[in-house]
>>> print(open('protein-v7.cif').read())   # mmCIF, C-alpha atoms
data_coords
#
loop_
_atom_site.label_atom_id
_atom_site.label_comp_id
_atom_site.auth_asym_id
_atom_site.auth_seq_id
_atom_site.Cartn_x
_atom_site.Cartn_y
_atom_site.Cartn_z
CA MET A 198 125.13 29.88 -11.11
CA HIS A 199 125.38 26.54 -12.81
CA ASN A 200 121.62 25.92 -13.09
CA PHE A 201 120.55 29.21 -14.64
CA THR A 202 117.35 28.38 -16.55
CA PRO A 203 115.48 31.62 -17.26
CA ILE A 204 113.12 30.25 -19.93
CA ALA A 205 112.09 27.17 -17.93
CA SER A 206 111.73 29.31 -14.80
CA LEU A 207 109.58 31.85 -16.61
CA LEU A 208 107.35 29.15 -18.09
CA GLY A 209 107.08 27.37 -14.74
CA GLY A 210 106.11 30.61 -13.00
CA MET A 211 103.50 31.32 -15.66
CA LEU A 212 102.02 27.83 -15.22
CA ILE A 213 101.85 28.29 -11.46
CA GLY A 214 100.10 31.65 -11.90
CA LEU A 215 97.66 30.21 -14.43
CA SER A 216 96.93 27.26 -12.15
CA ALA A 217 96.26 29.52 -9.17
CA SER A 218 94.00 31.68 -11.35
CA ALA A 219 92.19 28.64 -12.73
CA ILE A 220 90.98 27.69 -9.28
CA LEU A 221 90.48 31.24 -7.93
CA LEU A 222 88.51 32.90 -10.74
CA PRO A 223 85.71 30.37 -11.35
CA ASN A 224 85.47 28.99 -7.79
CA GLY A 225 86.84 31.65 -5.45
CA ARG A 226 89.21 29.05 -3.97
CA ILE A 227 92.77 29.80 -2.92
CA ALA A 228 95.36 27.31 -4.18
CA GLY A 229 97.22 27.14 -0.87
CA ILE A 230 98.37 23.57 -0.42
CA SER A 231 98.33 23.56 3.37
CA GLY A 232 94.74 24.84 3.46
CA ILE A 233 93.64 22.35 0.83
CA MET A 234 95.33 19.51 2.72
CA ALA A 235 93.79 20.64 6.02
CA GLY A 236 90.37 20.50 4.36
CA VAL A 237 91.01 16.88 3.37
CA LEU A 238 92.24 15.87 6.82
CA LYS A 239 89.31 17.61 8.53
CA PRO A 240 86.64 17.52 5.81
CA VAL A 241 83.58 19.70 5.59
CA ARG A 242 80.59 18.10 3.92
CA GLY A 243 80.59 18.74 0.18
CA ASP A 244 84.05 20.28 0.21
CA ALA A 245 86.43 17.31 0.22
CA LEU A 246 86.08 16.16 -3.40
CA TRP A 247 87.68 19.16 -5.09
CA ARG A 248 90.41 19.20 -2.47
CA SER A 249 91.16 15.50 -3.00
CA CYS A 250 91.17 15.99 -6.77
CA PHE A 251 93.56 18.93 -6.46
CA LEU A 252 96.00 16.97 -4.28
CA GLY A 253 95.62 13.91 -6.51
CA GLY A 254 96.51 16.08 -9.50
CA LEU A 255 99.65 17.32 -7.76
CA PHE A 256 100.69 13.76 -7.00
CA ALA A 257 99.84 12.53 -10.51
CA GLY A 258 101.79 15.43 -12.04
CA GLY A 259 104.87 14.43 -10.05
CA LEU A 260 104.50 10.80 -11.10
CA LEU A 261 104.08 11.82 -14.73
CA LEU A 262 107.22 13.95 -14.58
CA ARG A 263 109.07 11.01 -13.01
CA VAL A 264 108.08 8.85 -16.01
CA ILE A 265 108.72 11.48 -18.70
CA LEU A 266 111.87 13.09 -17.26
CA PRO A 267 113.43 10.83 -14.59
CA GLN A 268 116.69 12.80 -14.54
CA ALA A 269 114.76 15.68 -12.95
CA PHE A 270 114.83 13.60 -9.76
CA ASP A 271 118.59 12.98 -9.83
CA PHE A 272 119.65 15.04 -6.86
CA GLY A 273 121.36 14.05 -3.68
CA ILE A 274 119.84 14.47 -0.26
CA VAL A 275 122.63 15.99 1.77
CA ARG A 276 121.06 15.88 5.22
CA PRO A 277 120.42 12.90 7.50
CA LEU A 278 116.88 11.50 7.68
CA PRO A 279 116.24 12.62 11.30
CA MET A 280 117.10 16.20 10.33
CA LEU A 281 114.72 16.01 7.36
CA ILE A 282 111.93 14.74 9.62
CA ILE A 283 112.53 17.55 12.13
CA ALA A 284 112.64 20.09 9.29
CA GLY A 285 109.34 18.78 7.92
CA LEU A 286 107.69 19.06 11.33
CA LEU A 287 109.00 22.61 11.73
CA VAL A 288 107.64 23.55 8.31
CA GLY A 289 104.26 22.10 9.27
CA PHE A 290 104.28 24.03 12.54
CA GLY A 291 105.27 27.23 10.74
CA THR A 292 102.52 26.71 8.20
CA ARG A 293 99.92 26.52 10.96
CA LEU A 294 101.48 29.46 12.81
CA GLY A 295 101.52 31.59 9.65
CA SER A 296 98.00 30.56 8.62
CA GLY A 297 99.25 29.22 5.32
CA CYS A 298 102.18 28.19 3.21
CA THR A 299 104.24 29.73 0.45
CA SER A 300 101.78 28.69 -2.23
CA GLY A 301 98.86 30.28 -0.42
CA HIS A 302 100.61 33.45 0.72
CA GLY A 303 103.39 33.79 -1.86
CA VAL A 304 101.50 32.96 -5.02
CA CYS A 305 97.85 33.60 -4.23
CA GLY A 306 98.03 36.18 -1.45
CA ILE A 307 100.57 38.52 -3.00
CA SER A 308 98.75 38.40 -6.34
CA ARG A 309 95.62 39.58 -4.48
CA LEU A 310 97.70 42.38 -2.88
CA SER A 311 97.21 40.99 0.64
CA PRO A 312 99.46 42.84 3.13
CA ARG A 313 99.33 39.83 5.49
CA SER A 314 100.56 37.56 2.71
CA LEU A 315 103.36 39.95 1.81
CA VAL A 316 104.59 39.95 5.43
CA ALA A 317 104.24 36.15 5.65
CA THR A 318 106.16 35.61 2.40
CA ILE A 319 108.97 37.96 3.43
CA THR A 320 109.15 36.08 6.74
CA PHE A 321 109.31 32.69 4.94
CA ILE A 322 112.10 33.83 2.63
CA ALA A 323 114.11 35.57 5.36
CA THR A 324 113.85 32.55 7.66
CA GLY A 325 114.90 30.19 4.87
CA ALA A 326 117.88 32.38 3.99
CA LEU A 327 118.89 32.56 7.67
CA VAL A 328 118.71 28.76 8.06
CA VAL A 329 120.84 28.25 4.92
CA LEU A 330 123.35 30.81 6.20
CA ILE A 331 123.58 29.07 9.58
CA LEU A 332 123.71 25.48 8.31
CA ASN A 333 125.83 25.86 5.20
CA HIS A 334 128.11 28.77 5.98
CA LEU A 335 128.43 29.35 9.71
CA MET A 336 128.34 25.65 10.69
CA GLY A 337 130.34 24.61 7.63
CA ASN A 338 127.67 22.19 6.35
CA SER A 339 128.43 19.93 9.31
CA LEU A 340 124.83 18.85 9.98
#
>>> encode(input="protein-v7.cif", output="structure tokens")
Amino acid sequence: MHNFTPIASLLGGMLIGLSASAILLPNGRIAGISGIMAGVLKPVRGDALWRSCFLGGLFAGGLLLRVILPQAFDFGIVRPLPMLIIAGLLVGFGTRLGSGCTSGHGVCGISRLSPRSLVATITFIATGALVVLILNHLMGNSL
């Protein structure tokens, strides 16, 4: 492991948990990004503002990190653009099929002891591990 960062990982995990709690406890809202985004794309009256603010905050946080710590974005994309587009579409399809994404199920659902979220998160992780195994090890990173 050349990027072993236990302190940063612990702090990041705590911030994610605090952020999910900050929206759940006072408002009863789940911080699942796909559900929040779906509510912006197909708005319900009186419900789009908080969703837009949440997504705007995610975007602004990324921009702020880019300004403060630009080396955090120094990584190489090792797959061709068409493969990335297909992968993004498959993730979107899987998100709809699984009724949520890793932030909704993995962070918010498991913390609420939801059996459905536990199964969904295990499925996400197992599928991701299988894809990495196939692409990087069985196919020799040829795609």
>>> resolve_selection(input="protein-v7.cif", expression="the PyMOL selection byres ((chain A and resi 298) around 10)", output="PyMOL selection string")
chain A and resi 229-232+288-289+291-297+299-304+314+317-318+321
>>> write_last_selection(input="protein-v7.cif", atoms="C-alpha atoms", output="compact mmCIF listing (two decimals), in the frame of the given file")
# COMPACT_ATOMS: atom_id res chain seq x y z
CA GLY A 229 97.22 27.14 -0.87
CA ILE A 230 98.37 23.57 -0.42
CA SER A 231 98.33 23.56 3.37
CA GLY A 232 94.74 24.84 3.46
CA VAL A 288 107.64 23.55 8.31
CA GLY A 289 104.26 22.10 9.27
CA GLY A 291 105.27 27.23 10.74
CA THR A 292 102.52 26.71 8.20
CA ARG A 293 99.92 26.52 10.96
CA LEU A 294 101.48 29.46 12.81
CA GLY A 295 101.52 31.59 9.65
CA SER A 296 98.00 30.56 8.62
CA GLY A 297 99.25 29.22 5.32
CA THR A 299 104.24 29.73 0.45
CA SER A 300 101.78 28.69 -2.23
CA GLY A 301 98.86 30.28 -0.42
CA HIS A 302 100.61 33.45 0.72
CA GLY A 303 103.39 33.79 -1.86
CA VAL A 304 101.50 32.96 -5.02
CA SER A 314 100.56 37.56 2.71
CA ALA A 317 104.24 36.15 5.65
CA THR A 318 106.16 35.61 2.40
CA PHE A 321 109.31 32.69 4.94
>>> resolve_selection(input="protein-v7.cif", expression="the PyMOL selection byres ((chain A and resi 218) around 12)", output="ChimeraX atom specification")
/A:211-217,219-229,304-306,308-309
>>> closest_residue(input="protein-v7.cif", among="A:Asn200, A:Ser206, A:Leu332, A:Leu252", to="Arg276 in chain A", atoms="only C-alpha atoms")
A:Leu332
>>> decode(input="protein-v7.cif", residues="range 316-340 of chain A", atoms="N, CA and C atoms", output="compact mmCIF listing (two decimals), in the first residue's frame")
# COMPACT_ATOMS: atom_id res chain seq x y z
N VAL A 316 -27.66 -5.01 1.99
CA VAL A 316 -27.59 -5.88 0.81
C VAL A 316 -27.13 -5.07 -0.40
N ALA A 317 -27.68 -3.88 -0.58
CA ALA A 317 -27.28 -3.05 -1.72
C ALA A 317 -25.80 -2.70 -1.66
N THR A 318 -25.31 -2.32 -0.48
CA THR A 318 -23.90 -1.94 -0.34
C THR A 318 -22.98 -3.13 -0.58
N ILE A 319 -23.33 -4.29 -0.07
CA ILE A 319 -22.53 -5.50 -0.33
C ILE A 319 -22.51 -5.78 -1.83
N THR A 320 -23.65 -5.61 -2.49
CA THR A 320 -23.72 -5.83 -3.93
C THR A 320 -22.84 -4.84 -4.68
N PHE A 321 -22.87 -3.54 -4.28
CA PHE A 321 -22.03 -2.53 -4.93
C PHE A 321 -20.55 -2.90 -4.81
N ILE A 322 -20.13 -3.25 -3.60
CA ILE A 322 -18.72 -3.54 -3.35
C ILE A 322 -18.29 -4.81 -4.08
N ALA A 323 -19.11 -5.84 -4.03
CA ALA A 323 -18.77 -7.10 -4.71
C ALA A 323 -18.69 -6.90 -6.22
N THR A 324 -19.62 -6.15 -6.77
CA THR A 324 -19.60 -5.90 -8.22
C THR A 324 -18.37 -5.10 -8.61
N GLY A 325 -18.04 -4.07 -7.82
CA GLY A 325 -16.84 -3.28 -8.10
C GLY A 325 -15.58 -4.12 -8.04
N ALA A 326 -15.48 -4.98 -7.04
CA ALA A 326 -14.31 -5.85 -6.91
C ALA A 326 -14.23 -6.82 -8.09
N LEU A 327 -15.37 -7.36 -8.52
CA LEU A 327 -15.39 -8.27 -9.65
C LEU A 327 -14.95 -7.56 -10.94
N VAL A 328 -15.41 -6.35 -11.16
CA VAL A 328 -15.02 -5.59 -12.36
C VAL A 328 -13.52 -5.31 -12.34
N VAL A 329 -12.98 -4.91 -11.19
CA VAL A 329 -11.53 -4.67 -11.09
C VAL A 329 -10.77 -5.96 -11.37
N LEU A 330 -11.23 -7.07 -10.80
CA LEU A 330 -10.58 -8.36 -11.04
C LEU A 330 -10.56 -8.68 -12.53
N ILE A 331 -11.70 -8.52 -13.18
CA ILE A 331 -11.80 -8.85 -14.61
C ILE A 331 -10.93 -7.92 -15.44
N LEU A 332 -11.07 -6.61 -15.25
CA LEU A 332 -10.35 -5.65 -16.10
C LEU A 332 -8.86 -5.62 -15.83
N ASN A 333 -8.46 -5.60 -14.59
CA ASN A 333 -7.05 -5.40 -14.28
C ASN A 333 -6.25 -6.69 -14.17
N HIS A 334 -6.87 -7.78 -13.80
CA HIS A 334 -6.10 -8.98 -13.56
C HIS A 334 -6.34 -10.06 -14.62
N LEU A 335 -7.59 -10.33 -14.94
CA LEU A 335 -7.86 -11.39 -15.90
C LEU A 335 -7.63 -10.92 -17.34
N MET A 336 -7.95 -9.65 -17.62
CA MET A 336 -7.74 -9.12 -18.97
C MET A 336 -6.39 -8.41 -19.09
N GLY A 337 -5.64 -8.38 -18.03
CA GLY A 337 -4.30 -7.79 -18.08
C GLY A 337 -4.31 -6.29 -18.33
N ASN A 338 -5.33 -5.59 -17.86
CA ASN A 338 -5.41 -4.13 -18.00
C ASN A 338 -5.39 -3.71 -19.47
N SER A 339 -5.95 -4.55 -20.34
CA SER A 339 -5.87 -4.29 -21.77
C SER A 339 -6.95 -3.32 -22.27
N LEU A 340 -7.97 -3.06 -21.48
CA LEU A 340 -9.02 -2.13 -21.91
C LEU A 340 -8.76 -0.75 -21.41
